[in-house]
Amino acid sequence: KELQNILKEQSFVKDVEQMIAELTDDTKHLSGTMRKLDKIIDFKLEERSKSDYIPTAAMKLIDAVSPDDARDAKKDFLLQISCVYIDHNRRLEALKTAKKLRQQELATKVNEFDEELSDFVGQRKLRKTGGAEELERRRAEKNIEIIKEISKSVEEAEQARRAKIVQRKAGKTSKK
């Protein structure tokens, strides 16, 4: 038993060492990636610090709108967004109906595992093990058997010891 514990601990240590090696390797790769990201961020910051820098999103807007109308286009766009009317009640009703539909789907959906389990139990294929009481009874029986075997082996050893003593006494008496 002690040897098994030692072997288990050795395999656990080997597994941990392997995981540490893998994590160290991952750390090296991630640190390389972080260095590359730092270089990209530095490059982007340098690019933005230039006076003629224009973001890519703004480039799309500039291409679509003439330079004179760019400021007015932004104001118009924000005004359009603020004017959009959102009917919250309609959204809540849509969420409620979606929830009801989902519940109906789940109610009608057949769970294959539940179906197989009910068939298995219904066909009485399930073994009756007796539960914890049966387990305790079996353990007690095994304990009694082990005790009987131990007592037999002790009695046999005692009888063998007595037989040797008798032989020794017999050997000593025959020499006299």
# chains A, B, ... in the order shown; residues from 1 in each chain; ligands from 1
$ select_by_dssp --residues "segment 107-137 of chain A" --states "helix (DSSP H, G or I)" --output "MDAnalysis selection string"
chainID A and resid 107:108 112:122 131:137
$ write_last_selection --atoms "all heavy atoms" --output "compact mmCIF listing (two decimals), in the first residue's frame"
# COMPACT_ATOMS: atom_id res chain seq x y z
N ALA A 107 -40.81 22.44 -23.64
CA ALA A 107 -41.83 21.50 -23.17
C ALA A 107 -42.07 20.40 -24.20
O ALA A 107 -42.29 19.24 -23.85
CB ALA A 107 -43.12 22.24 -22.86
N THR A 108 -42.04 20.74 -25.47
CA THR A 108 -42.31 19.75 -26.51
C THR A 108 -41.05 18.99 -26.92
O THR A 108 -41.15 17.92 -27.52
CB THR A 108 -42.90 20.42 -27.76
OG1 THR A 108 -41.99 21.42 -28.24
CG2 THR A 108 -44.24 21.04 -27.44
N GLU A 112 -33.67 12.85 -25.07
CA GLU A 112 -33.35 11.46 -25.38
C GLU A 112 -32.87 10.70 -24.14
O GLU A 112 -33.22 9.54 -23.94
CB GLU A 112 -32.29 11.39 -26.47
CG GLU A 112 -32.77 11.89 -27.81
CD GLU A 112 -31.67 11.89 -28.85
OE1 GLU A 112 -30.64 11.22 -28.64
OE2 GLU A 112 -31.84 12.56 -29.87
N PHE A 113 -32.09 11.36 -23.31
CA PHE A 113 -31.59 10.70 -22.11
C PHE A 113 -32.74 10.35 -21.17
O PHE A 113 -32.80 9.23 -20.65
CB PHE A 113 -30.57 11.59 -21.39
CG PHE A 113 -30.07 10.99 -20.11
CD1 PHE A 113 -29.18 9.93 -20.12
CD2 PHE A 113 -30.52 11.47 -18.89
CE1 PHE A 113 -28.73 9.36 -18.95
CE2 PHE A 113 -30.07 10.91 -17.71
CZ PHE A 113 -29.17 9.85 -17.74
N ASP A 114 -33.64 11.30 -20.94
CA ASP A 114 -34.78 11.02 -20.06
C ASP A 114 -35.63 9.88 -20.60
O ASP A 114 -36.09 9.02 -19.86
CB ASP A 114 -35.65 12.28 -19.89
CG ASP A 114 -35.00 13.32 -19.00
OD1 ASP A 114 -34.09 12.94 -18.22
OD2 ASP A 114 -35.40 14.50 -19.09
N GLU A 115 -35.82 9.88 -21.92
CA GLU A 115 -36.62 8.82 -22.54
C GLU A 115 -35.94 7.46 -22.37
O GLU A 115 -36.58 6.48 -21.99
CB GLU A 115 -36.79 9.14 -24.03
CG GLU A 115 -37.75 8.21 -24.74
CD GLU A 115 -37.97 8.66 -26.17
OE1 GLU A 115 -38.32 9.82 -26.39
OE2 GLU A 115 -37.78 7.80 -27.07
N GLU A 116 -34.65 7.40 -22.62
CA GLU A 116 -33.91 6.15 -22.48
C GLU A 116 -33.90 5.68 -21.03
O GLU A 116 -34.07 4.49 -20.75
CB GLU A 116 -32.47 6.34 -22.96
CG GLU A 116 -31.66 5.08 -22.97
CD GLU A 116 -30.27 5.29 -23.53
OE1 GLU A 116 -30.04 6.31 -24.19
OE2 GLU A 116 -29.41 4.42 -23.28
N LEU A 117 -33.75 6.62 -20.11
CA LEU A 117 -33.74 6.27 -18.69
C LEU A 117 -35.10 5.72 -18.26
O LEU A 117 -35.17 4.71 -17.55
CB LEU A 117 -33.38 7.50 -17.84
CG LEU A 117 -33.27 7.29 -16.35
CD1 LEU A 117 -32.16 6.30 -16.03
CD2 LEU A 117 -33.04 8.61 -15.64
N SER A 118 -36.18 6.36 -18.69
CA SER A 118 -37.51 5.87 -18.30
C SER A 118 -37.79 4.50 -18.91
O SER A 118 -38.39 3.64 -18.27
CB SER A 118 -38.59 6.87 -18.72
OG SER A 118 -38.61 7.03 -20.12
N ASP A 119 -37.32 4.25 -20.16
CA ASP A 119 -37.47 2.92 -20.76
C ASP A 119 -36.68 1.88 -19.98
O ASP A 119 -37.17 0.78 -19.72
CB ASP A 119 -36.99 2.92 -22.22
CG ASP A 119 -37.95 3.66 -23.15
OD1 ASP A 119 -39.10 3.91 -22.72
OD2 ASP A 119 -37.54 3.99 -24.27
N PHE A 120 -35.48 2.22 -19.61
CA PHE A 120 -34.60 1.31 -18.87
C PHE A 120 -35.23 0.93 -17.53
O PHE A 120 -35.28 -0.24 -17.17
CB PHE A 120 -33.24 1.99 -18.65
CG PHE A 120 -32.21 1.10 -18.05
CD1 PHE A 120 -31.52 0.18 -18.82
CD2 PHE A 120 -31.90 1.18 -16.70
CE1 PHE A 120 -30.55 -0.63 -18.27
CE2 PHE A 120 -30.94 0.36 -16.13
CZ PHE A 120 -30.27 -0.55 -16.93
N VAL A 121 -35.73 1.91 -16.81
CA VAL A 121 -36.35 1.65 -15.52
C VAL A 121 -37.68 0.93 -15.71
O VAL A 121 -38.03 0.01 -14.96
CB VAL A 121 -36.54 2.97 -14.73
CG1 VAL A 121 -37.35 2.74 -13.47
CG2 VAL A 121 -35.19 3.57 -14.38
N GLY A 122 -38.43 1.32 -16.73
CA GLY A 122 -39.73 0.70 -17.00
C GLY A 122 -39.61 -0.77 -17.36
O GLY A 122 -40.50 -1.57 -17.03
N GLY A 131 -28.82 -0.93 -1.57
CA GLY A 131 -28.46 0.33 -0.93
C GLY A 131 -27.32 0.19 0.07
O GLY A 131 -26.56 -0.77 0.08
N ALA A 132 -27.25 1.16 0.95
CA ALA A 132 -26.16 1.23 1.93
C ALA A 132 -26.24 0.08 2.94
O ALA A 132 -25.21 -0.44 3.38
CB ALA A 132 -26.20 2.57 2.64
N GLU A 133 -27.46 -0.33 3.30
CA GLU A 133 -27.61 -1.41 4.29
C GLU A 133 -27.01 -2.71 3.76
O GLU A 133 -26.31 -3.43 4.48
CB GLU A 133 -29.10 -1.64 4.63
CG GLU A 133 -29.77 -0.47 5.31
CD GLU A 133 -30.31 0.57 4.33
OE1 GLU A 133 -30.42 0.27 3.12
OE2 GLU A 133 -30.59 1.69 4.78
N GLU A 134 -27.27 -3.00 2.48
CA GLU A 134 -26.73 -4.21 1.86
C GLU A 134 -25.20 -4.14 1.82
O GLU A 134 -24.51 -5.12 2.08
CB GLU A 134 -27.29 -4.37 0.44
CG GLU A 134 -26.77 -5.58 -0.30
CD GLU A 134 -27.25 -6.89 0.27
OE1 GLU A 134 -28.25 -6.91 1.03
OE2 GLU A 134 -26.63 -7.92 -0.05
N LEU A 135 -24.69 -2.98 1.51
CA LEU A 135 -23.25 -2.80 1.47
C LEU A 135 -22.63 -3.02 2.84
O LEU A 135 -21.61 -3.72 2.97
CB LEU A 135 -22.92 -1.38 0.97
CG LEU A 135 -21.46 -1.05 0.76
CD1 LEU A 135 -20.88 -1.89 -0.36
CD2 LEU A 135 -21.31 0.42 0.45
N GLU A 136 -23.24 -2.50 3.88
CA GLU A 136 -22.74 -2.69 5.25
C GLU A 136 -22.82 -4.16 5.66
O GLU A 136 -21.92 -4.68 6.30
CB GLU A 136 -23.54 -1.83 6.23
CG GLU A 136 -23.25 -0.35 6.13
CD GLU A 136 -21.81 0.00 6.48
OE1 GLU A 136 -21.24 -0.63 7.39
OE2 GLU A 136 -21.26 0.90 5.82
N ARG A 137 -23.90 -4.85 5.28
CA ARG A 137 -24.06 -6.26 5.60
C ARG A 137 -22.95 -7.08 4.94
O ARG A 137 -22.32 -7.93 5.57
CB ARG A 137 -25.44 -6.76 5.15
CG ARG A 137 -25.75 -8.21 5.57
CD ARG A 137 -27.06 -8.71 4.98
NE ARG A 137 -27.06 -8.77 3.53
CZ ARG A 137 -26.44 -9.72 2.79
NH1 ARG A 137 -25.76 -10.67 3.40
NH2 ARG A 137 -26.50 -9.71 1.49
$ atom_distance --atom1 "atom CA of Asp26 of chain A" --atom2 "atom CA of Ile41 of chain A"
22.2 Å
$ atom_distance --atom1 "atom CA of Arg139 of chain A" --atom2 "atom CA of Lys152 of chain A"
19.9 Å
$ decode --residues "segment 136-156 of chain A" --atoms "N, CA, C and O atoms" --output "PDB file, in the first residue's frame"
ATOM      1  N   GLU A 136     -23.238  -2.498   3.876  1.00  0.00           N
ATOM      2  CA  GLU A 136     -22.744  -2.689   5.245  1.00  0.00           C
ATOM      3  C   GLU A 136     -22.824  -4.162   5.658  1.00  0.00           C
ATOM      4  O   GLU A 136     -21.921  -4.682   6.304  1.00  0.00           O
ATOM      5  N   ARG A 137     -23.903  -4.847   5.279  1.00  0.00           N
ATOM      6  CA  ARG A 137     -24.057  -6.260   5.603  1.00  0.00           C
ATOM      7  C   ARG A 137     -22.947  -7.081   4.939  1.00  0.00           C
ATOM      8  O   ARG A 137     -22.323  -7.935   5.572  1.00  0.00           O
ATOM      9  N   ARG A 138     -22.681  -6.795   3.653  1.00  0.00           N
ATOM     10  CA  ARG A 138     -21.621  -7.515   2.942  1.00  0.00           C
ATOM     11  C   ARG A 138     -20.257  -7.246   3.570  1.00  0.00           C
ATOM     12  O   ARG A 138     -19.431  -8.154   3.703  1.00  0.00           O
ATOM     13  N   ARG A 139     -20.004  -6.012   3.944  1.00  0.00           N
ATOM     14  CA  ARG A 139     -18.730  -5.659   4.567  1.00  0.00           C
ATOM     15  C   ARG A 139     -18.579  -6.392   5.897  1.00  0.00           C
ATOM     16  O   ARG A 139     -17.511  -6.917   6.212  1.00  0.00           O
ATOM     17  N   ALA A 140     -19.667  -6.473   6.680  1.00  0.00           N
ATOM     18  CA  ALA A 140     -19.611  -7.181   7.962  1.00  0.00           C
ATOM     19  C   ALA A 140     -19.327  -8.667   7.743  1.00  0.00           C
ATOM     20  O   ALA A 140     -18.535  -9.275   8.471  1.00  0.00           O
ATOM     21  N   GLU A 141     -19.969  -9.272   6.712  1.00  0.00           N
ATOM     22  CA  GLU A 141     -19.709 -10.674   6.400  1.00  0.00           C
ATOM     23  C   GLU A 141     -18.243 -10.898   6.024  1.00  0.00           C
ATOM     24  O   GLU A 141     -17.616 -11.867   6.470  1.00  0.00           O
ATOM     25  N   LYS A 142     -17.697 -10.012   5.209  1.00  0.00           N
ATOM     26  CA  LYS A 142     -16.297 -10.140   4.820  1.00  0.00           C
ATOM     27  C   LYS A 142     -15.385 -10.000   6.030  1.00  0.00           C
ATOM     28  O   LYS A 142     -14.390 -10.732   6.156  1.00  0.00           O
ATOM     29  N   ASN A 143     -15.717  -9.079   6.917  1.00  0.00           N
ATOM     30  CA  ASN A 143     -14.916  -8.905   8.131  1.00  0.00           C
ATOM     31  C   ASN A 143     -14.934 -10.171   8.980  1.00  0.00           C
ATOM     32  O   ASN A 143     -13.901 -10.592   9.503  1.00  0.00           O
ATOM     33  N   ILE A 144     -16.094 -10.782   9.114  1.00  0.00           N
ATOM     34  CA  ILE A 144     -16.216 -12.024   9.888  1.00  0.00           C
ATOM     35  C   ILE A 144     -15.383 -13.131   9.243  1.00  0.00           C
ATOM     36  O   ILE A 144     -14.669 -13.872   9.934  1.00  0.00           O
ATOM     37  N   GLU A 145     -15.456 -13.258   7.904  1.00  0.00           N
ATOM     38  CA  GLU A 145     -14.669 -14.263   7.201  1.00  0.00           C
ATOM     39  C   GLU A 145     -13.171 -14.031   7.419  1.00  0.00           C
ATOM     40  O   GLU A 145     -12.412 -14.980   7.660  1.00  0.00           O
ATOM     41  N   ILE A 146     -12.753 -12.786   7.335  1.00  0.00           N
ATOM     42  CA  ILE A 146     -11.332 -12.463   7.527  1.00  0.00           C
ATOM     43  C   ILE A 146     -10.899 -12.815   8.944  1.00  0.00           C
ATOM     44  O   ILE A 146      -9.827 -13.400   9.155  1.00  0.00           O
ATOM     45  N   ILE A 147     -11.735 -12.490   9.919  1.00  0.00           N
ATOM     46  CA  ILE A 147     -11.407 -12.815  11.312  1.00  0.00           C
ATOM     47  C   ILE A 147     -11.302 -14.323  11.500  1.00  0.00           C
ATOM     48  O   ILE A 147     -10.397 -14.827  12.179  1.00  0.00           O
ATOM     49  N   LYS A 148     -12.224 -15.095  10.901  1.00  0.00           N
ATOM     50  CA  LYS A 148     -12.171 -16.552  10.987  1.00  0.00           C
ATOM     51  C   LYS A 148     -10.873 -17.087  10.376  1.00  0.00           C
ATOM     52  O   LYS A 148     -10.229 -17.970  10.943  1.00  0.00           O
ATOM     53  N   GLU A 149     -10.500 -16.565   9.197  1.00  0.00           N
ATOM     54  CA  GLU A 149      -9.275 -17.020   8.547  1.00  0.00           C
ATOM     55  C   GLU A 149      -8.051 -16.686   9.388  1.00  0.00           C
ATOM     56  O   GLU A 149      -7.133 -17.505   9.515  1.00  0.00           O
ATOM     57  N   ILE A 150      -8.043 -15.497   9.958  1.00  0.00           N
ATOM     58  CA  ILE A 150      -6.915 -15.101  10.802  1.00  0.00           C
ATOM     59  C   ILE A 150      -6.833 -16.004  12.025  1.00  0.00           C
ATOM     60  O   ILE A 150      -5.757 -16.481  12.403  1.00  0.00           O
ATOM     61  N   SER A 151      -7.983 -16.286  12.648  1.00  0.00           N
ATOM     62  CA  SER A 151      -7.968 -17.148  13.841  1.00  0.00           C
ATOM     63  C   SER A 151      -7.534 -18.572  13.477  1.00  0.00           C
ATOM     64  O   SER A 151      -6.810 -19.216  14.241  1.00  0.00           O
ATOM     65  N   LYS A 152      -7.947 -19.077  12.296  1.00  0.00           N
ATOM     66  CA  LYS A 152      -7.502 -20.393  11.850  1.00  0.00           C
ATOM     67  C   LYS A 152      -5.994 -20.419  11.671  1.00  0.00           C
ATOM     68  O   LYS A 152      -5.320 -21.361  12.103  1.00  0.00           O
ATOM     69  N   SER A 153      -5.469 -19.384  11.010  1.00  0.00           N
ATOM     70  CA  SER A 153      -4.026 -19.370  10.769  1.00  0.00           C
ATOM     71  C   SER A 153      -3.264 -19.216  12.084  1.00  0.00           C
ATOM     72  O   SER A 153      -2.196 -19.814  12.255  1.00  0.00           O
ATOM     73  N   VAL A 154      -3.817 -18.487  13.045  1.00  0.00           N
ATOM     74  CA  VAL A 154      -3.171 -18.355  14.357  1.00  0.00           C
ATOM     75  C   VAL A 154      -3.196 -19.706  15.079  1.00  0.00           C
ATOM     76  O   VAL A 154      -2.210 -20.132  15.680  1.00  0.00           O
ATOM     77  N   GLU A 155      -4.355 -20.404  15.009  1.00  0.00           N
ATOM     78  CA  GLU A 155      -4.462 -21.724  15.651  1.00  0.00           C
ATOM     79  C   GLU A 155      -3.486 -22.711  15.011  1.00  0.00           C
ATOM     80  O   GLU A 155      -2.826 -23.492  15.712  1.00  0.00           O
ATOM     81  N   GLU A 156      -3.408 -22.687  13.674  1.00  0.00           N
ATOM     82  CA  GLU A 156      -2.487 -23.588  12.981  1.00  0.00           C
ATOM     83  C   GLU A 156      -1.044 -23.293  13.375  1.00  0.00           C
ATOM     84  O   GLU A 156      -0.247 -24.207  13.592  1.00  0.00           O
TER      85      GLU A 156
END
